[in-house]
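**Q** Dropping in protein35.cif, with mmCIF, C-alpha atoms.
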```
data_query
#
loop_
_atom_site.label_atom_id
_atom_site.label_comp_id
_atom_site.auth_asym_id
_atom_site.auth_seq_id
_atom_site.Cartn_x
_atom_site.Cartn_y
_atom_site.Cartn_z
CA MET F 17 128.44 121.88 99.29
CA LEU F 18 132.18 122.57 99.39
CA GLU F 19 132.58 120.52 102.57
CA GLU F 20 130.95 117.43 101.05
CA THR F 21 132.67 117.88 97.68
CA ALA F 22 136.04 118.15 99.42
CA ARG F 23 135.23 115.10 101.56
CA LEU F 24 134.48 113.00 98.48
CA THR F 25 137.55 114.29 96.66
CA LEU F 26 139.76 113.46 99.64
CA GLY F 27 138.32 109.97 99.89
CA ILE F 28 138.94 109.20 96.23
CA SER F 29 142.45 110.63 96.36
CA LEU F 30 143.30 108.63 99.50
CA MET F 31 142.14 105.42 97.84
CA GLY F 32 144.43 106.17 94.90
CA ILE F 33 147.36 106.81 97.24
CA ALA F 34 146.79 103.56 99.14
CA LEU F 35 146.72 101.60 95.89
CA ARG F 36 149.82 103.36 94.57
CA LEU F 37 152.00 102.36 97.52
CA PRO F 38 154.03 99.14 97.32
CA PRO F 39 152.51 96.21 99.23
CA ARG F 40 153.08 96.45 102.97
CA TYR F 41 154.99 99.74 102.64
CA PRO F 42 153.34 101.40 105.69
CA PHE F 43 154.07 98.31 107.78
CA ALA F 44 157.70 98.06 106.67
CA HIS F 45 158.34 101.77 107.29
CA TRP F 46 156.20 102.26 110.37
CA ARG F 47 158.99 103.93 112.33
CA SER F 48 159.35 106.78 109.84
CA LEU F 49 155.59 107.21 109.68
CA LEU F 50 155.38 107.20 113.47
CA VAL F 51 157.96 109.99 113.62
CA LEU F 52 156.12 112.07 111.00
CA LEU F 53 152.64 111.49 112.40
CA GLY F 54 153.36 111.24 116.12
CA LEU F 55 155.87 114.08 116.38
CA GLY F 56 155.76 116.02 113.14
CA MET F 57 152.04 116.50 112.83
CA PRO F 58 151.45 117.83 116.38
CA ALA F 59 154.44 120.13 115.82
CA MET F 60 152.92 121.51 112.61
CA PHE F 61 149.63 122.01 114.45
CA LEU F 62 151.25 123.95 117.28
CA ILE F 63 153.55 126.00 115.03
CA SER F 64 150.65 127.01 112.77
CA SER F 65 148.50 127.89 115.77
CA LEU F 66 151.20 129.98 117.46
CA LEU F 67 151.95 131.83 114.23
CA THR F 68 148.26 132.62 113.84
CA HIS F 69 148.05 133.76 117.47
CA TRP F 70 151.08 136.01 117.05
CA VAL F 71 150.37 137.53 113.62
CA LEU F 72 146.60 137.97 113.83
CA GLY F 73 146.41 138.52 117.58
CA LEU F 74 143.69 135.92 118.06
CA PRO F 75 142.85 134.21 121.36
CA LEU F 76 144.73 130.93 121.61
CA LEU F 77 141.68 128.68 121.20
CA MET F 78 140.65 130.57 118.09
CA ALA F 79 144.17 130.30 116.73
CA LEU F 80 144.08 126.54 117.39
CA LEU F 81 141.10 126.30 115.05
CA VAL F 82 143.19 127.78 112.24
CA GLY F 83 146.19 125.61 113.16
CA GLY F 84 144.12 122.43 113.04
CA THR F 85 142.67 123.42 109.69
CA ILE F 86 146.06 123.73 107.97
CA CYS F 87 148.23 121.21 109.84
CA ALA F 88 147.72 118.26 107.46
CA THR F 89 149.80 117.60 104.36
CA ASP F 90 147.19 117.59 101.61
CA PRO F 91 146.97 114.24 99.76
CA VAL F 92 145.38 115.71 96.63
CA VAL F 93 148.07 118.31 95.96
CA ALA F 94 150.83 115.98 97.20
CA SER F 95 149.77 113.43 94.58
CA SER F 96 150.44 115.96 91.84
CA ILE F 97 153.93 116.50 93.25
CA VAL F 98 154.99 112.83 93.52
CA THR F 99 153.35 111.48 90.35
CA GLY F 100 153.96 112.25 86.70
CA GLY F 101 157.02 112.03 84.51
CA VAL F 102 159.08 114.78 86.14
CA ALA F 103 158.68 113.41 89.67
CA THR F 104 159.18 109.78 88.63
CA GLU F 105 162.33 110.60 86.67
CA ASN F 106 163.98 112.90 89.21
CA LEU F 107 162.76 112.19 92.75
CA PRO F 108 163.76 109.03 94.68
CA GLU F 109 161.05 106.41 94.87
CA ASP F 110 161.33 105.99 98.64
CA TYR F 111 160.85 109.75 99.14
CA ARG F 112 157.72 109.75 96.96
CA HIS F 113 156.29 106.79 98.87
CA LEU F 114 157.05 108.40 102.23
CA LEU F 115 155.34 111.68 101.30
CA SER F 116 152.35 109.77 99.90
CA SER F 117 152.02 107.67 103.06
CA GLU F 118 152.28 110.71 105.32
CA SER F 119 149.69 112.71 103.37
CA GLY F 120 147.37 109.69 103.24
CA ALA F 121 147.39 109.13 106.99
CA ASN F 122 147.65 112.62 108.44
CA ASP F 123 144.67 113.98 106.53
CA GLY F 124 142.29 111.91 108.63
CA LEU F 125 144.42 112.34 111.74
CA ALA F 126 144.02 116.11 111.49
CA TYR F 127 140.41 115.64 112.57
CA PRO F 128 141.18 115.37 116.33
CA PHE F 129 143.27 118.56 116.17
CA VAL F 130 140.36 120.38 114.54
CA LEU F 131 137.83 118.99 117.04
CA LEU F 132 139.86 119.76 120.18
CA PRO F 133 139.43 123.57 120.13
CA ILE F 134 135.81 123.17 119.01
CA LEU F 135 135.09 120.99 122.05
CA LEU F 136 136.97 123.33 124.39
CA LEU F 137 134.95 126.27 123.08
CA THR F 138 131.56 124.57 123.39
CA LEU F 139 131.80 122.25 126.44
CA PRO F 140 133.09 122.39 130.01
CA ILE F 141 136.79 121.55 130.12
CA GLY F 142 136.35 118.13 131.73
CA ASP F 143 133.63 117.06 129.30
CA ALA F 144 135.65 118.41 126.37
CA TRP F 145 138.75 116.36 127.18
CA LEU F 146 136.69 113.24 127.94
CA GLY F 147 134.81 113.58 124.67
CA TRP F 148 138.05 114.17 122.78
CA PHE F 149 139.68 110.98 124.07
CA ALA F 150 136.64 108.72 124.20
CA LYS F 151 134.49 109.84 121.29
CA VAL F 152 136.96 111.37 118.86
CA TRP F 153 139.98 109.09 119.27
CA LEU F 154 138.44 105.80 120.32
CA TRP F 155 135.23 105.85 118.27
CA GLU F 156 135.57 108.23 115.36
CA ILE F 157 139.24 107.47 114.63
CA GLY F 158 139.65 103.94 115.99
CA ALA F 159 136.34 102.54 114.80
CA GLY F 160 136.72 104.40 111.51
CA VAL F 161 140.03 102.67 110.80
CA LEU F 162 138.63 99.28 111.86
CA VAL F 163 135.50 99.59 109.71
CA GLY F 164 137.54 100.72 106.72
CA ALA F 165 140.08 97.92 107.07
CA VAL F 166 137.35 95.26 107.37
CA LEU F 167 135.48 96.58 104.33
CA GLY F 168 138.70 96.80 102.31
CA TRP F 169 139.74 93.26 103.23
CA ALA F 170 136.26 91.88 102.53
CA SER F 171 136.08 93.64 99.17
CA GLY F 172 139.48 92.29 98.18
CA ARG F 173 138.50 88.76 99.13
CA ALA F 174 135.21 89.10 97.27
CA LEU F 175 137.02 90.29 94.14
CA GLN F 176 139.44 87.38 94.28
CA TRP F 177 136.61 84.90 94.87
CA SER F 178 134.62 86.27 91.93
CA GLU F 179 137.58 86.28 89.57
CA ALA F 180 138.56 82.74 90.51
CA ARG F 181 135.08 81.48 89.56
CA GLY F 182 134.77 83.54 86.41
CA TYR F 183 131.91 85.69 87.71
CA LEU F 184 133.53 88.90 86.47
CA ASP F 185 134.25 89.66 82.84
CA GLN F 186 137.04 92.27 82.54
CA PRO F 187 136.20 94.06 85.82
CA SER F 188 136.84 97.79 85.95
CA PHE F 189 139.29 98.28 88.79
CA LEU F 190 138.50 102.00 88.88
CA SER F 191 134.77 101.34 89.31
CA ILE F 192 135.39 98.85 92.10
CA THR F 193 137.67 101.19 94.05
CA LEU F 194 135.31 104.14 93.58
CA ALA F 195 132.43 102.04 94.89
CA LEU F 196 134.52 100.96 97.89
CA THR F 197 135.45 104.60 98.59
CA ILE F 198 131.85 105.78 98.56
CA LEU F 199 130.76 102.78 100.67
CA VAL F 200 133.32 103.58 103.39
CA LEU F 201 132.51 107.31 103.35
CA GLY F 202 128.77 106.65 103.49
CA LEU F 203 128.99 104.07 106.25
CA GLY F 204 131.30 106.38 108.19
CA SER F 205 128.65 109.11 108.06
CA LEU F 206 125.96 106.70 109.24
CA LEU F 207 128.06 105.38 112.12
CA GLY F 208 129.58 108.74 113.06
CA THR F 209 133.15 107.58 112.40
CA ASN F 210 135.99 109.19 110.45
CA GLY F 211 135.29 108.01 106.92
CA ILE F 212 138.29 109.82 105.42
CA LEU F 213 140.85 107.89 107.45
CA GLY F 214 138.67 104.80 107.00
CA VAL F 215 139.07 105.06 103.21
CA PHE F 216 142.86 105.04 103.53
CA ALA F 217 142.69 101.98 105.79
CA ALA F 218 140.29 100.31 103.34
CA GLY F 219 142.62 101.00 100.43
CA LEU F 220 145.61 99.55 102.29
CA ALA F 221 143.67 96.40 103.26
CA PHE F 222 142.26 96.02 99.74
CA ASP F 223 145.73 96.43 98.26
CA GLN F 224 147.14 93.60 100.39
CA GLU F 225 144.56 91.19 98.95
CA VAL F 226 144.46 92.09 95.26
CA GLY F 227 147.80 93.72 94.40
CA GLY F 228 146.32 97.13 93.85
CA LYS F 229 149.56 98.81 92.76
CA GLU F 230 149.87 96.78 89.56
CA ARG F 231 146.16 96.94 88.75
CA SER F 232 145.89 100.67 89.38
CA GLU F 233 148.85 101.28 87.08
CA GLU F 234 147.21 99.19 84.35
CA ASP F 235 143.94 101.14 84.54
CA ASN F 236 145.63 104.54 85.16
CA VAL F 237 143.52 104.96 88.28
CA GLN F 238 145.61 107.75 89.77
CA GLU F 239 145.75 109.68 86.51
CA ALA F 240 141.98 109.48 86.14
CA VAL F 241 141.47 110.60 89.74
CA ASN F 242 143.80 113.58 89.43
CA THR F 243 142.34 114.65 86.09
CA LEU F 244 138.61 114.20 86.63
CA LEU F 245 137.89 114.34 90.34
CA THR F 246 140.09 117.08 91.78
CA MET F 247 139.04 119.92 89.51
CA PRO F 248 135.43 120.39 90.73
CA VAL F 249 136.44 121.19 94.30
CA PHE F 250 138.90 123.86 93.17
CA ILE F 251 136.35 125.34 90.76
CA LEU F 252 133.79 125.47 93.56
CA PHE F 253 136.35 127.07 95.86
CA GLY F 254 137.11 129.68 93.21
CA LEU F 255 133.42 130.53 92.97
CA ILE F 256 133.07 131.20 96.70
CA ALA F 257 136.57 132.47 97.57
CA PRO F 258 136.26 135.20 100.27
CA TRP F 259 138.04 138.01 98.45
CA THR F 260 136.56 140.76 100.63
CA GLU F 261 137.62 139.00 103.85
CA TRP F 262 141.12 138.38 102.46
CA ARG F 263 141.53 142.07 101.68
CA ALA F 264 140.34 142.88 105.20
CA LEU F 265 143.23 140.85 106.65
CA GLY F 266 145.63 143.07 104.72
CA ALA F 267 149.37 142.69 105.29
CA SER F 268 148.80 140.49 108.35
CA GLY F 269 147.15 137.83 106.21
CA LEU F 270 150.01 137.83 103.70
CA LEU F 271 152.59 137.69 106.50
CA LEU F 272 150.79 134.77 108.13
CA ALA F 273 150.67 132.84 104.83
CA LEU F 274 154.39 133.45 104.22
CA LEU F 275 155.43 132.43 107.74
CA VAL F 276 153.27 129.29 107.65
CA LEU F 277 154.82 128.18 104.35
CA LEU F 278 158.35 128.75 105.67
CA LEU F 279 158.08 127.66 109.31
CA ARG F 280 155.19 125.20 109.60
CA ARG F 281 157.09 122.21 108.19
CA LEU F 282 160.74 122.83 107.27
CA PRO F 283 162.18 123.28 110.80
CA MET F 284 160.28 120.20 111.98
CA ILE F 285 161.68 118.03 109.15
CA LEU F 286 165.22 119.26 109.84
CA LEU F 287 164.89 118.33 113.51
CA LEU F 288 163.37 114.92 112.80
CA ARG F 289 165.80 113.99 110.00
CA PRO F 290 167.81 111.53 112.19
CA GLY F 291 164.63 109.46 112.59
CA LEU F 292 163.84 109.42 108.86
CA PRO F 293 166.27 107.07 107.04
CA THR F 294 164.64 107.91 103.70
CA LEU F 295 166.13 111.42 103.84
CA ARG F 296 169.67 110.34 103.00
CA ASP F 297 171.01 113.67 101.74
CA TRP F 298 170.39 117.32 102.56
CA PRO F 299 168.78 118.32 99.23
CA ILE F 300 165.99 115.73 99.54
CA THR F 301 165.56 116.73 103.20
CA LEU F 302 165.02 120.33 102.16
CA ILE F 303 162.57 119.25 99.45
CA MET F 304 160.68 117.14 102.00
CA GLY F 305 160.58 120.12 104.34
CA TRP F 306 159.32 122.49 101.67
CA PHE F 307 156.70 120.29 100.03
CA GLY F 308 154.05 120.01 102.69
CA PRO F 309 151.20 121.36 100.53
CA ILE F 310 148.00 122.75 102.03
CA GLY F 311 144.97 122.18 99.83
CA VAL F 312 141.71 120.26 99.71
CA SER F 313 142.01 118.91 103.26
CA ALA F 314 142.32 122.47 104.60
CA LEU F 315 139.27 123.51 102.57
CA TYR F 316 137.33 120.61 104.08
CA TYR F 317 138.32 121.38 107.65
CA ALA F 318 137.86 125.14 107.22
CA ALA F 319 134.32 124.53 105.97
CA LEU F 320 133.72 122.09 108.83
CA VAL F 321 134.89 124.63 111.44
CA SER F 322 132.74 127.34 109.91
CA SER F 323 129.64 125.13 109.85
CA ARG F 324 130.09 123.87 113.43
CA THR F 325 131.15 127.08 115.13
CA GLY F 326 130.08 129.94 112.86
CA TYR F 327 133.62 131.28 113.31
CA ASN F 328 134.43 132.52 109.81
CA LEU F 329 137.95 133.81 110.46
CA ALA F 330 139.20 130.21 110.42
CA TRP F 331 137.68 129.91 106.95
CA THR F 332 139.18 133.22 105.82
CA ALA F 333 142.71 132.61 107.12
CA GLY F 334 142.72 128.93 106.18
CA THR F 335 141.65 129.50 102.59
CA LEU F 336 144.14 132.35 102.13
CA ILE F 337 146.93 129.98 103.17
CA VAL F 338 145.54 127.36 100.77
CA VAL F 339 145.86 129.81 97.87
CA ALA F 340 149.41 130.72 98.93
CA SER F 341 150.36 127.05 99.12
CA MET F 342 148.81 126.22 95.75
CA VAL F 343 150.76 129.04 94.08
CA ALA F 344 154.08 128.46 95.89
CA HIS F 345 154.16 124.67 95.76
CA GLY F 346 152.60 124.48 92.31
CA MET F 347 155.21 126.80 90.80
CA THR F 348 158.19 125.15 92.50
CA ALA F 349 157.33 121.43 92.29
CA ALA F 350 158.64 120.66 88.79
CA PRO F 351 161.68 123.02 88.84
CA LEU F 352 162.96 121.73 92.18
CA ALA F 353 162.39 118.11 91.19
CA SER F 354 164.31 118.64 87.96
CA ARG F 355 167.10 120.45 89.77
CA TYR F 356 167.40 117.64 92.32
CA GLY F 357 167.48 115.06 89.52
CA ARG F 358 170.37 116.87 87.81
CA TRP F 359 172.24 117.15 91.12
CA ARG F 360 171.81 113.43 91.84
CA ARG F 361 172.96 112.40 88.35
CA ARG F 362 176.06 114.57 88.61
CA LYS F 363 176.83 113.09 92.01
CA GLU F 364 176.44 109.53 90.68
CA GLN F 365 178.65 110.28 87.70
CA GLY F 366 181.27 111.79 89.98
CA GLY F 367 181.17 108.74 92.22
CA ASN F 368 181.49 106.34 89.27
CA SER F 369 184.44 108.25 87.85
#
```
Could I get this structure in the form of structure tokens?
**A**
Amino acid sequence: MLEETARLTLGISLMGIALRLPPRYPFAHWRSLLVLLGLGMPAMFLISSLLTHWVLGLPLLMALLVGGTICATDPVVASSIVTGGVATENLPEDYRHLLSSESGANDGLAYPFVLLPILLLTLPIGDAWLGWFAKVWLWEIGAGVLVGAVLGWASGRALQWSEARGYLDQPSFLSITLALTILVLGLGSLLGTNGILGVFAAGLAFDQEVGGKERSEEDNVQEAVNTLLTMPVFILFGLIAPWTEWRALGASGLLLALLVLLLRRLPMILLLRPGLPTLRDWPITLIMGWFGPIGVSALYYAALVSSRTGYNLAWTAGTLIVVASMVAHGMTAAPLASRYGRWRRRKEQGGNS
């Protein structure tokens, strides 16, 4: 139940992110996204896995399961960081768009990193690598993106066609995007493709046709999504949180959570800063390095690993890190954004004087 609830929540959140981005933003800033997704995401996967291997003493393949579970920047929690009055007033717009784009894309792209250790544990090495490249990357990821983009483009064209002929009377943009989200997720399940990444592709394609940013702002789509559709998954998680297993991890579990929060993302962002023009000053670079929240996507992948392998330590360690991230990032989001806003205004006033 948690796995499917998290999957639906991720899909709806990714649609909201795609509609919130300016038109053609991912295409205009593809180099920065390529750096974050092509270099940063594998680095976060390996760092998280090695930390798990070192702290908990797990075999490497088992540690890779945990690393894949927590390597993605969660789009649901990230949306709460880059939206709202405090973020809009204090954080640069290009930073908020970059974090949104990264979290939107890498949530679905975490799937191959989760599947790789599962395949290596269950299949001969040659078959595992062949299945990973052919089935996971080419079909589940590639076809998932293609199906989502086609459905998003077709839905946008259909909406324009209907509006031009007066077939729609005050259409609810929220209802249309929710229906598109569920369609892509459902078709992805039927075809065996990655519906989560497909939803993001569908939202981007739909946005190019209908100007989703302006319409979503008019109907408060993102606010409705964050308020109504992200709470159930956290309530469900609270009901089934593995308190006994967390206590069994003891100090090692707390140390792992702390090291992951400090080392999983920040060193990688500092190293990749020359390839990220958006990070113009050191304070916003540090904020970008700190705010890589781990949330609903990790719950989804932890549940997926547990259901496919029966290996519950990935669920235990992954969910403990989710709680640590929710507390740490939730408590620091608004204060750090406000502090950065004050620093930027003082710097601008100093420059003007």
**Q** Could you give me, as a short mmCIF file (atom, residue, chain, number, x, y, z; two decimals) with C-alpha atoms, in the frame of the given file, the residues within 12 Å of Leu49 (chain F), counting all atoms listed in the file and dropping anything in the same chain fewer than 2 positions from it?
**A**
```cif
data_model
loop_
_atom_site.label_atom_id
_atom_site.label_comp_id
_atom_site.auth_asym_id
_atom_site.auth_seq_id
_atom_site.Cartn_x
_atom_site.Cartn_y
_atom_site.Cartn_z
CA TYR F 41 154.99 99.74 102.64
CA PRO F 42 153.34 101.40 105.69
CA PHE F 43 154.07 98.31 107.78
CA ALA F 44 157.70 98.06 106.67
CA HIS F 45 158.34 101.77 107.29
CA TRP F 46 156.20 102.26 110.37
CA ARG F 47 158.99 103.93 112.33
CA VAL F 51 157.96 109.99 113.62
CA LEU F 52 156.12 112.07 111.00
CA LEU F 53 152.64 111.49 112.40
CA GLY F 54 153.36 111.24 116.12
CA LEU F 55 155.87 114.08 116.38
CA GLY F 56 155.76 116.02 113.14
CA MET F 57 152.04 116.50 112.83
CA HIS F 113 156.29 106.79 98.87
CA LEU F 114 157.05 108.40 102.23
CA LEU F 115 155.34 111.68 101.30
CA SER F 116 152.35 109.77 99.90
CA SER F 117 152.02 107.67 103.06
CA GLU F 118 152.28 110.71 105.32
CA SER F 119 149.69 112.71 103.37
CA GLY F 120 147.37 109.69 103.24
CA ALA F 121 147.39 109.13 106.99
CA ASN F 122 147.65 112.62 108.44
CA LEU F 288 163.37 114.92 112.80
CA GLY F 291 164.63 109.46 112.59
CA LEU F 292 163.84 109.42 108.86
CA PRO F 293 166.27 107.07 107.04
CA THR F 294 164.64 107.91 103.70
#
```
**Q** List as a list in words the protein and nucleic acid residues near region 263-278 of chain F, meaning an atom at most 7 Å away when all atoms listed in the file are counted, but skip any in the same chain fewer than 3 places from it.
**A**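 These residues fall inside the cut-off: Ser64, Leu67, Thr68, Val71, Leu72, Trp259, Thr260, Leu282, Ala333, Ile337, Ala340 and Ser341 of chain F.
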**Q** Would you mind exporting the chosen residues as a tab-separated table (two decimals), keeping the file's coordinate frame, restricted to C-alpha atoms?
**A**
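Written file, selection_17.tsv:
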```tsv
chain	number	residue	atom	x	y	z
F	64	SER	CA	150.65	127.01	112.77
F	67	LEU	CA	151.95	131.83	114.23
F	68	THR	CA	148.26	132.62	113.84
F	71	VAL	CA	150.37	137.53	113.62
F	72	LEU	CA	146.60	137.97	113.83
F	259	TRP	CA	138.04	138.01	98.45
F	260	THR	CA	136.56	140.76	100.63
F	282	LEU	CA	160.74	122.83	107.27
F	333	ALA	CA	142.71	132.61	107.12
F	337	ILE	CA	146.93	129.98	103.17
F	340	ALA	CA	149.41	130.72	98.93
F	341	SER	CA	150.36	127.05	99.12
```
**Q** Given the point (139.3, 120.5, 108.4) in the coordinates of this file, which residues lie within 8 Å, counting all atoms listed in the file, and how would they look as a ChimeraX atom specification?
**A** /F:84-86,126-127,130,313-321
**Q** Rank nothing, just name the residue among F:Ala159, F:Val166, F:Ala218, F:Met78 nearest to Ile134 (chain F), using only C-alpha atoms.
**A** F:Met78
**Q** Could you pull the residues within 10 Å of Gly160 (chain F), counting all atoms listed in the file, minus those fewer than 6 positions along the same chain, as a VMD selection string?
**A** chain F and resid 124 153 to 154 200 to 201 203 to 205 207 to 215 217 to 218
**Q** Next, dump the selected residues to file, keeping only C-alpha atoms, as an mmCIF file, in the coordinates of the input.
**A**
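What ended up in out-v9.cif:
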```
data_model
loop_
_atom_site.group_PDB
_atom_site.id
_atom_site.type_symbol
_atom_site.label_atom_id
_atom_site.label_comp_id
_atom_site.auth_asym_id
_atom_site.auth_seq_id
_atom_site.Cartn_x
_atom_site.Cartn_y
_atom_site.Cartn_z
ATOM 1 C CA GLY F 124 142.290 111.910 108.630
ATOM 2 C CA TRP F 153 139.980 109.090 119.270
ATOM 3 C CA LEU F 154 138.440 105.800 120.320
ATOM 4 C CA VAL F 200 133.320 103.580 103.390
ATOM 5 C CA LEU F 201 132.510 107.310 103.350
ATOM 6 C CA LEU F 203 128.990 104.070 106.250
ATOM 7 C CA GLY F 204 131.300 106.380 108.190
ATOM 8 C CA SER F 205 128.650 109.110 108.060
ATOM 9 C CA LEU F 207 128.060 105.380 112.120
ATOM 10 C CA GLY F 208 129.580 108.740 113.060
ATOM 11 C CA THR F 209 133.150 107.580 112.400
ATOM 12 C CA ASN F 210 135.990 109.190 110.450
ATOM 13 C CA GLY F 211 135.290 108.010 106.920
ATOM 14 C CA ILE F 212 138.290 109.820 105.420
ATOM 15 C CA LEU F 213 140.850 107.890 107.450
ATOM 16 C CA GLY F 214 138.670 104.800 107.000
ATOM 17 C CA VAL F 215 139.070 105.060 103.210
ATOM 18 C CA ALA F 217 142.690 101.980 105.790
ATOM 19 C CA ALA F 218 140.290 100.310 103.340
#
```
**Q** Just to confirm, what's the straight-line distance from CA of His69 (chain F) to CA of Ala144 (chain F) in Å (one decimal)?
**A**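 Taking CA of His69 (chain F) and CA of Ala144 (chain F), their separation equals 21.6 Å.
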**Q** With a distance cut-off of 9 Å and all atoms listed in the file, select the neighbouring residues of Ala94 (chain F), excluding the residue or stretch itself and same-chain residues fewer than 4 positions from it, and output the selection as a PyMOL selection string.
**A** chain F and resi 89-90+98-99+115-116+119+307-311
**Q** Create the file for the chosen residues now, containing C-alpha atoms and written as a PDB file, in the coordinates of the input.
**A**
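Result went into selection.pdb, see below:
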```pdb
ATOM      1  CA  THR F  89     149.800 117.600 104.360  1.00  0.00           C
ATOM      2  CA  ASP F  90     147.190 117.590 101.610  1.00  0.00           C
ATOM      3  CA  VAL F  98     154.990 112.830  93.520  1.00  0.00           C
ATOM      4  CA  THR F  99     153.350 111.480  90.350  1.00  0.00           C
ATOM      5  CA  LEU F 115     155.340 111.680 101.300  1.00  0.00           C
ATOM      6  CA  SER F 116     152.350 109.770  99.900  1.00  0.00           C
ATOM      7  CA  SER F 119     149.690 112.710 103.370  1.00  0.00           C
ATOM      8  CA  PHE F 307     156.700 120.290 100.030  1.00  0.00           C
ATOM      9  CA  GLY F 308     154.050 120.010 102.690  1.00  0.00           C
ATOM     10  CA  PRO F 309     151.200 121.360 100.530  1.00  0.00           C
ATOM     11  CA  ILE F 310     148.000 122.750 102.030  1.00  0.00           C
ATOM     12  CA  GLY F 311     144.970 122.180  99.830  1.00  0.00           C
TER      13      GLY F 311
END
```
**Q** Please determine, counting only C-alpha atoms, which residue among F:Met304, F:Leu167, F:Ala349, F:Leu184 has the shortest atom-to-atom distance to Thr197 (chain F).
**A**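 When distances to Thr197 (chain F) are compared using only C-alpha atoms, the smallest one comes from F:Leu167.
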**Q** Written as number ranges by chain, which residues does the PyMOL selection byres ((chain F and resi 176) around 12) give for the file shown?
**A** F: 169-175, 177-184, 187, 222-228
**Q** Could you jot down the CA of Leu352 (chain F) to CA of Val82 (chain F) separation for me, Å, one decimal place?
**A**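 Interatomic distance here is 28.8 Å.
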**Q** Do you have the CA of Lys363 (chain F)-CA of Asn106 (chain F) distance handy?
**A**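 CA of Asn106 (chain F) lies 13.2 Å from CA of Lys363 (chain F).
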**Q** Name all residues at most 12 Å from Arg360 (chain F) (count only C-alpha atoms; drop same-chain ones fewer than 2 positions away) and give them as a PyMOL selection string.
**A** chain F and resi 105-108+296-300+353-358+362-367
**Q** Return as an MDAnalysis selection string the set of residues that the PyMOL selection byres ((chain F and resi 193) around 9) yields on the displayed structure.
**A** chainID F and resid 28 31:32 188:192 194:198 219 222
